[in-house]
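Source file: upload.cif (mmCIF, C-alpha atoms)
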```
data_my_file
loop_
_atom_site.label_atom_id
_atom_site.label_comp_id
_atom_site.auth_asym_id
_atom_site.auth_seq_id
_atom_site.Cartn_x
_atom_site.Cartn_y
_atom_site.Cartn_z
CA MET Q 1 17.58 1.44 -33.88
CA LYS Q 2 20.52 0.93 -36.25
CA LYS Q 3 20.99 3.42 -39.04
CA GLY Q 4 19.10 2.58 -42.20
CA LEU Q 5 18.60 -1.05 -41.27
CA LEU Q 6 15.38 -2.92 -41.78
CA LEU Q 7 13.74 -3.34 -38.41
CA LEU Q 8 11.38 -6.22 -38.09
CA PHE Q 9 11.09 -7.35 -34.51
CA CYS Q 10 8.60 -10.13 -34.45
CA LEU Q 11 6.96 -11.00 -31.22
CA LEU Q 12 4.48 -13.59 -32.36
CA PHE Q 13 1.78 -14.68 -30.05
CA MET Q 14 -1.64 -16.10 -30.42
CA ILE Q 15 -4.74 -14.62 -28.83
CA SER Q 16 -7.95 -16.56 -28.72
CA LEU Q 17 -11.14 -14.57 -28.51
CA ALA Q 18 -14.38 -16.43 -27.83
CA SER Q 19 -17.72 -14.95 -28.72
CA PHE Q 20 -21.19 -16.21 -29.48
CA ALA Q 21 -22.32 -15.86 -33.07
CA ASP Q 22 -24.33 -12.71 -32.37
CA GLU Q 23 -21.69 -11.03 -30.17
CA GLU Q 24 -18.97 -8.51 -31.06
CA VAL Q 25 -15.57 -8.74 -29.34
CA SER Q 26 -13.08 -5.86 -28.92
CA LEU Q 27 -9.48 -6.06 -27.77
CA PHE Q 28 -10.07 -2.98 -25.67
CA SER Q 29 -12.67 -1.84 -23.17
CA MET Q 30 -13.85 1.29 -24.89
CA PRO Q 31 -15.14 4.25 -22.85
CA ALA Q 32 -18.83 5.09 -22.96
CA GLN Q 33 -18.14 7.97 -25.34
CA THR Q 34 -15.50 7.12 -27.94
CA PRO Q 35 -14.09 9.92 -30.13
CA ALA Q 36 -15.48 9.70 -33.64
CA PRO Q 37 -12.94 8.18 -36.04
CA VAL Q 38 -11.15 10.75 -38.19
CA GLY Q 39 -10.19 9.81 -41.73
CA VAL Q 40 -7.71 11.23 -44.22
CA GLU Q 41 -7.57 15.04 -44.37
CA GLY Q 42 -9.83 15.27 -41.32
CA GLN Q 43 -12.86 13.72 -43.05
CA PRO Q 44 -15.06 11.26 -41.11
CA ALA Q 45 -13.67 7.79 -41.62
CA SER Q 46 -15.71 5.25 -43.48
CA PRO Q 47 -15.81 1.71 -42.09
CA GLU Q 48 -12.80 -0.26 -43.26
CA ALA Q 49 -13.43 -3.20 -45.53
CA SER Q 50 -11.46 -6.01 -43.92
CA PRO Q 51 -10.07 -8.75 -46.14
CA GLU Q 52 -12.13 -11.91 -46.28
CA PRO Q 53 -10.77 -14.64 -44.00
CA THR Q 54 -8.95 -17.39 -45.83
CA GLN Q 55 -10.00 -20.18 -43.50
CA VAL Q 56 -13.10 -21.54 -41.88
CA PRO Q 57 -13.61 -20.08 -38.38
CA MET Q 58 -12.61 -22.33 -35.49
CA LEU Q 59 -15.23 -22.97 -32.85
CA ALA Q 60 -14.62 -23.21 -29.13
CA ALA Q 61 -16.15 -25.96 -26.99
CA ASP Q 62 -18.96 -23.61 -25.97
CA GLY Q 63 -19.80 -22.80 -29.59
CA GLY Q 64 -17.98 -19.43 -29.61
CA THR Q 65 -15.65 -18.31 -32.40
CA ILE Q 66 -11.87 -18.52 -31.95
CA ILE Q 67 -9.92 -15.64 -33.50
CA THR Q 68 -6.16 -16.02 -34.00
CA ILE Q 69 -4.08 -12.82 -34.05
CA SER Q 70 -0.38 -12.42 -34.85
CA ALA Q 71 1.10 -9.29 -33.21
CA LEU Q 72 4.47 -8.13 -34.52
CA GLY Q 73 6.67 -5.23 -33.40
CA ASP Q 74 8.19 -2.33 -35.36
CA LEU Q 75 8.18 -2.58 -39.15
CA THR Q 76 10.52 -0.07 -40.79
CA PHE Q 77 11.56 -0.11 -44.43
CA GLY Q 78 12.68 2.40 -47.02
CA GLY Q 79 15.37 4.81 -45.98
CA ASP Q 80 16.57 8.33 -45.32
CA VAL Q 81 16.27 10.59 -48.38
CA ARG Q 82 19.04 12.79 -46.94
CA LYS Q 83 21.53 9.93 -47.34
CA SER Q 84 23.16 8.73 -50.56
CA VAL Q 85 23.32 5.11 -49.39
CA ASN Q 86 20.06 3.26 -48.73
CA ILE Q 87 20.68 -0.18 -47.25
CA PHE Q 88 17.09 -1.29 -47.79
CA GLU Q 89 17.12 -0.42 -51.49
CA ARG Q 90 20.46 -2.19 -51.89
CA GLU Q 91 19.02 -5.36 -50.35
CA LEU Q 92 15.84 -5.04 -52.43
CA LYS Q 93 17.99 -4.99 -55.57
CA LYS Q 94 19.67 -8.22 -54.43
CA GLN Q 95 16.20 -9.70 -54.06
CA ASN Q 96 15.37 -8.82 -57.68
CA GLY Q 97 12.88 -6.18 -56.57
CA ASP Q 98 10.68 -8.67 -54.72
CA LEU Q 99 9.06 -6.68 -51.92
CA GLY Q 100 7.80 -9.93 -50.45
CA PHE Q 101 11.31 -10.75 -49.19
CA VAL Q 102 10.62 -8.80 -45.99
CA THR Q 103 8.18 -11.41 -44.67
CA ARG Q 104 9.31 -14.37 -46.77
CA ASN Q 105 10.40 -16.53 -43.82
CA ILE Q 106 7.24 -16.00 -41.76
CA ARG Q 107 4.61 -15.57 -44.46
CA ASP Q 108 3.14 -19.02 -43.90
CA LEU Q 109 2.56 -18.21 -40.22
CA LEU Q 110 0.98 -14.84 -40.98
CA SER Q 111 -1.24 -16.28 -43.70
CA ALA Q 112 -2.59 -18.93 -41.34
CA ASP Q 113 -3.99 -16.46 -38.77
CA ASP Q 114 -7.13 -14.32 -38.86
CA MET Q 115 -5.35 -10.97 -38.41
CA THR Q 116 -1.76 -9.75 -38.34
CA ILE Q 117 -0.95 -6.34 -36.83
CA VAL Q 118 2.36 -4.40 -36.82
CA ASN Q 119 3.62 -1.04 -35.61
CA PHE Q 120 4.21 0.83 -38.88
CA GLU Q 121 7.32 2.89 -38.19
CA THR Q 122 8.01 4.53 -41.53
CA THR Q 123 6.07 6.64 -44.05
CA LEU Q 124 4.87 6.06 -47.60
CA THR Q 125 5.48 9.43 -49.23
CA ASN Q 126 7.73 11.50 -51.47
CA ALA Q 127 7.16 14.64 -49.39
CA PRO Q 128 10.36 16.50 -48.43
CA VAL Q 129 11.82 16.36 -44.93
CA PRO Q 130 10.43 19.40 -43.05
CA LYS Q 131 12.83 21.92 -41.52
CA ASN Q 132 12.06 20.84 -37.97
CA LYS Q 133 13.14 17.27 -38.84
CA GLN Q 134 16.32 18.09 -40.76
CA GLY Q 135 18.45 17.68 -37.65
CA ASN Q 136 17.00 14.30 -36.66
CA GLU Q 137 19.38 11.36 -36.70
CA PHE Q 138 16.81 9.22 -38.51
CA VAL Q 139 13.92 9.96 -40.86
CA PHE Q 140 12.20 7.26 -42.87
CA SER Q 141 10.16 7.10 -46.06
CA ALA Q 142 9.42 4.76 -48.93
CA PRO Q 143 7.43 4.94 -52.19
CA ALA Q 144 3.69 4.40 -51.89
CA GLU Q 145 3.91 1.15 -53.87
CA TYR Q 146 5.88 -0.37 -50.99
CA ILE Q 147 2.50 -0.94 -49.35
CA ASP Q 148 2.86 -4.29 -51.15
CA ILE Q 149 5.17 -5.34 -48.31
CA LEU Q 150 2.08 -5.44 -46.11
CA THR Q 151 -0.30 -7.04 -48.59
CA LYS Q 152 2.24 -9.65 -49.76
CA GLY Q 153 3.01 -10.45 -46.13
CA SER Q 154 -0.62 -10.98 -45.10
CA ILE Q 155 -0.43 -7.98 -42.73
CA GLU Q 156 -3.95 -6.61 -42.40
CA ALA Q 157 -3.69 -3.97 -39.65
CA VAL Q 158 -1.20 -1.35 -38.44
CA THR Q 159 -0.73 1.14 -35.65
CA PHE Q 160 0.53 4.49 -36.93
CA GLU Q 161 1.16 6.60 -33.83
CA ASN Q 162 4.89 6.63 -33.14
CA ASN Q 163 7.97 8.86 -33.22
CA HIS Q 164 8.51 8.36 -36.97
CA ALA Q 165 4.96 8.97 -38.22
CA LEU Q 166 5.77 12.68 -38.74
CA ASP Q 167 9.25 12.19 -40.26
CA HIS Q 168 7.96 13.87 -43.44
CA GLY Q 169 5.49 16.19 -41.78
CA GLU Q 170 1.73 16.20 -42.05
CA LYS Q 171 1.92 15.65 -45.81
CA GLY Q 172 3.80 12.43 -45.15
CA VAL Q 173 1.12 11.34 -42.69
CA GLN Q 174 -1.72 11.98 -45.14
CA ASP Q 175 0.11 10.22 -48.00
CA THR Q 176 0.69 7.18 -45.79
CA LEU Q 177 -2.92 7.04 -44.60
CA ALA Q 178 -4.10 7.28 -48.20
CA ALA Q 179 -1.89 4.30 -49.08
CA PHE Q 180 -3.41 2.30 -46.21
CA GLU Q 181 -6.92 3.15 -47.35
CA GLN Q 182 -6.27 2.25 -50.97
CA ALA Q 183 -4.76 -1.12 -50.01
CA GLY Q 184 -7.50 -1.94 -47.49
CA ILE Q 185 -5.12 -1.91 -44.52
CA VAL Q 186 -6.93 -1.17 -41.23
CA TRP Q 187 -5.04 1.56 -39.37
CA SER Q 188 -5.29 3.16 -35.96
CA ARG Q 189 -4.05 6.37 -34.38
CA GLU Q 190 -4.90 8.34 -31.26
CA ASP Q 191 -7.80 10.02 -33.07
CA HIS Q 192 -8.81 7.11 -35.29
CA LEU Q 193 -10.44 3.88 -34.17
CA GLY Q 194 -9.44 1.07 -36.50
CA ILE Q 195 -12.05 -1.69 -36.78
CA PHE Q 196 -11.10 -5.07 -38.19
CA GLU Q 197 -13.89 -7.57 -38.76
CA VAL Q 198 -13.36 -11.28 -39.23
CA HIS Q 199 -15.75 -14.23 -38.91
CA GLY Q 200 -18.47 -11.82 -37.79
CA VAL Q 201 -16.32 -10.51 -34.89
CA LYS Q 202 -15.31 -6.84 -34.72
CA ILE Q 203 -11.92 -5.95 -33.19
CA GLY Q 204 -11.37 -2.32 -32.18
CA MET Q 205 -7.86 -0.80 -32.17
CA LEU Q 206 -6.40 2.48 -30.91
CA ALA Q 207 -2.74 3.56 -30.80
CA TYR Q 208 -1.02 6.14 -28.61
CA GLN Q 209 2.36 7.86 -28.81
CA THR Q 210 3.95 8.48 -25.40
CA PHE Q 211 7.20 10.25 -26.36
CA ASN Q 212 8.03 13.88 -25.52
CA GLY Q 213 6.09 13.96 -22.26
CA GLN Q 214 2.84 12.73 -23.78
CA TYR Q 215 2.36 9.84 -21.36
CA PRO Q 216 0.85 11.89 -18.45
CA ARG Q 217 -1.67 13.48 -20.83
CA LEU Q 218 -2.98 10.06 -21.79
CA MET Q 219 -3.39 8.76 -18.23
#
```

Using structure tokens, write down the structure that the file contains.
Amino acid sequence: MKKGLLLLFCLLFMISLASFADEEVSLFSMPAQTPAPVGVEGQPASPEASPEPTQVPMLAADGGTIITISALGDLTFGGDVRKSVNIFERELKKQNGDLGFVTRNIRDLLSADDMTIVNFETTLTNAPVPKNKQGNEFVFSAPAEYIDILTKGSIEAVTFENNHALDHGEKGVQDTLAAFEQAGIVWSREDHLGIFEVHGVKIGMLAYQTFNGQYPRLM
């Protein structure tokens, strides 16, 4: 990961999910007992209101519904508040403050699908960098209004369980989740099942962080 650079690694693929009209389809085989979703500040999560689809659902030959999903990689914007130079902000100024520049060249593709999901690898907060993160080579944050990068880019869902989610501590996490909720972005973490619904089909999402020896615990 290069210092302060915008990271947008797009691995775009299409997934077709077929279901009958009265069926629900999940991307994952969920265990018999799934942990109850946890919302902001530990409160039970309310069902997310997914954006209305912009196109008529496609039907498979057997009458099932075809769902098209665009899956991108890491999305990092903003910068390091410990540094005086912020490359992202400098580029944003060149773009006349248009936050939509991040997805400008692929927006048509993302708008044509039923759901776009990214790994959200920054925070939306003005919380200070905690002491235990001061020595990190990279920490990332951006103002809450930068959530428009997602909404302008037709990005409807995010995973938020990675090595930068806690760059600004637990306060940074809660601020970011609040921004997701306010914008209607479906989010998932280890303890939160994100549910995106489109064309009558429900898609369940979980995210897991495997750094710092966490992988064996999750097996």

Handout entry: Point (-3.2, -7.6, -32.7), cut-off 8 Å, counting all atoms listed in the file, residues as a PyMOL selection string
Key = chain Q and resi 69-72+115-118+157

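Restricting the calculation to all atoms listed in the file, the smallest distance between Lys131 (chain Q) and any of Q:Asp167, Q:Thr151, Q:Phe77, Q:Asp108 is found for Q:Asp167.
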
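CA of Ala165 (chain Q) to CA of Lys94 (chain Q) spans 27.8 Å [interatomic distance, one decimal].
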
Fill in the blank from the handout: Using only C-alpha atoms, the shortest atom-to-atom distance to Pro143 (chain Q) among Q:Pro57, Q:Gly194, Q:Gly79, Q:Gly204 belongs to Q:Gly79

Problem - From Q:Ala144, Q:Ala60, Q:His164, Q:Thr159, residue lying nearest Asp80 (chain Q) [only C-alpha atoms] - result: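 Ranking Q:Ala144, Q:Ala60, Q:His164, Q:Thr159 by distance to Asp80 (chain Q), first place goes to Q:His164.
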
Handout entry: Of the listed residues Q:Val198, Q:Val186, Q:Met205, Q:Ala142, that which approaches Asp114 (chain Q) most closely, counting all atoms listed in the file
Key =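 Nearest candidate to Asp114 (chain Q) out of Q:Val198, Q:Val186, Q:Met205, Q:Ala142: Q:Val198.
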
Problem - Computed interatomic separation between CA of His199 (chain Q) and CA of Thr65 (chain Q) (Å) - result: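 CA of His199 (chain Q) sits 7.7 Å away from CA of Thr65 (chain Q).
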
Handout entry: Counting all atoms listed in the file, the option among Q:Asn119, Q:Asn132, Q:Gly100, Q:Leu124 closest to Asp148 (chain Q)
Key =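 Of the candidates, the smallest distance to Asp148 (chain Q) is held by Q:Gly100.
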
Practice task
In Å, rounded to a single decimal, give me how far CA of Asn162 (chain Q) is from CA of Gly73 (chain Q).
Solution key: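 Between CA of Gly73 (chain Q) and CA of Asn162 (chain Q) the gap is 12.0 Å.
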
Exercise for the section: Please write the residues picked by the PyMOL selection byres ((chain Q and resi 149) around 9) on this file as a ChimeraX atom specification. Expected result: /Q:99-103,145-148,150-155

Handout entry: Q:Phe120, Q:Val85, Q:Ile67, Q:Ala61 ranked by distance to Gly200 (chain Q), top pick (using only C-alpha atoms)
Key =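 The shortest atom-to-atom distance to Gly200 (chain Q) comes from Q:Ile67.
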
Practice task
Could you please give me, as a PyMOL selection string, the residues of protein, DNA or RNA lying at most 12 Å from (5.9, 5.3, -34.1) in the coordinate frame of the file, considering all atoms listed in the file?
Solution key: chain Q and resi 73-76+118-123+139-140+158-167+173+188-190+207-211

Hey, can you spit out that residue selection with C-alpha atoms as a PDB file, in the coordinates of the input?
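Writing done, so here's part27.pdb:
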```
ATOM      1  CA  GLY Q  73       6.670  -5.230 -33.400  1.00  0.00           C
ATOM      2  CA  ASP Q  74       8.190  -2.330 -35.360  1.00  0.00           C
ATOM      3  CA  LEU Q  75       8.180  -2.580 -39.150  1.00  0.00           C
ATOM      4  CA  THR Q  76      10.520  -0.070 -40.790  1.00  0.00           C
ATOM      5  CA  VAL Q 118       2.360  -4.400 -36.820  1.00  0.00           C
ATOM      6  CA  ASN Q 119       3.620  -1.040 -35.610  1.00  0.00           C
ATOM      7  CA  PHE Q 120       4.210   0.830 -38.880  1.00  0.00           C
ATOM      8  CA  GLU Q 121       7.320   2.890 -38.190  1.00  0.00           C
ATOM      9  CA  THR Q 122       8.010   4.530 -41.530  1.00  0.00           C
ATOM     10  CA  THR Q 123       6.070   6.640 -44.050  1.00  0.00           C
ATOM     11  CA  VAL Q 139      13.920   9.960 -40.860  1.00  0.00           C
ATOM     12  CA  PHE Q 140      12.200   7.260 -42.870  1.00  0.00           C
ATOM     13  CA  VAL Q 158      -1.200  -1.350 -38.440  1.00  0.00           C
ATOM     14  CA  THR Q 159      -0.730   1.140 -35.650  1.00  0.00           C
ATOM     15  CA  PHE Q 160       0.530   4.490 -36.930  1.00  0.00           C
ATOM     16  CA  GLU Q 161       1.160   6.600 -33.830  1.00  0.00           C
ATOM     17  CA  ASN Q 162       4.890   6.630 -33.140  1.00  0.00           C
ATOM     18  CA  ASN Q 163       7.970   8.860 -33.220  1.00  0.00           C
ATOM     19  CA  HIS Q 164       8.510   8.360 -36.970  1.00  0.00           C
ATOM     20  CA  ALA Q 165       4.960   8.970 -38.220  1.00  0.00           C
ATOM     21  CA  LEU Q 166       5.770  12.680 -38.740  1.00  0.00           C
ATOM     22  CA  ASP Q 167       9.250  12.190 -40.260  1.00  0.00           C
ATOM     23  CA  VAL Q 173       1.120  11.340 -42.690  1.00  0.00           C
ATOM     24  CA  SER Q 188      -5.290   3.160 -35.960  1.00  0.00           C
ATOM     25  CA  ARG Q 189      -4.050   6.370 -34.380  1.00  0.00           C
ATOM     26  CA  GLU Q 190      -4.900   8.340 -31.260  1.00  0.00           C
ATOM     27  CA  ALA Q 207      -2.740   3.560 -30.800  1.00  0.00           C
ATOM     28  CA  TYR Q 208      -1.020   6.140 -28.610  1.00  0.00           C
ATOM     29  CA  GLN Q 209       2.360   7.860 -28.810  1.00  0.00           C
ATOM     30  CA  THR Q 210       3.950   8.480 -25.400  1.00  0.00           C
ATOM     31  CA  PHE Q 211       7.200  10.250 -26.360  1.00  0.00           C
TER      32      PHE Q 211
END
```
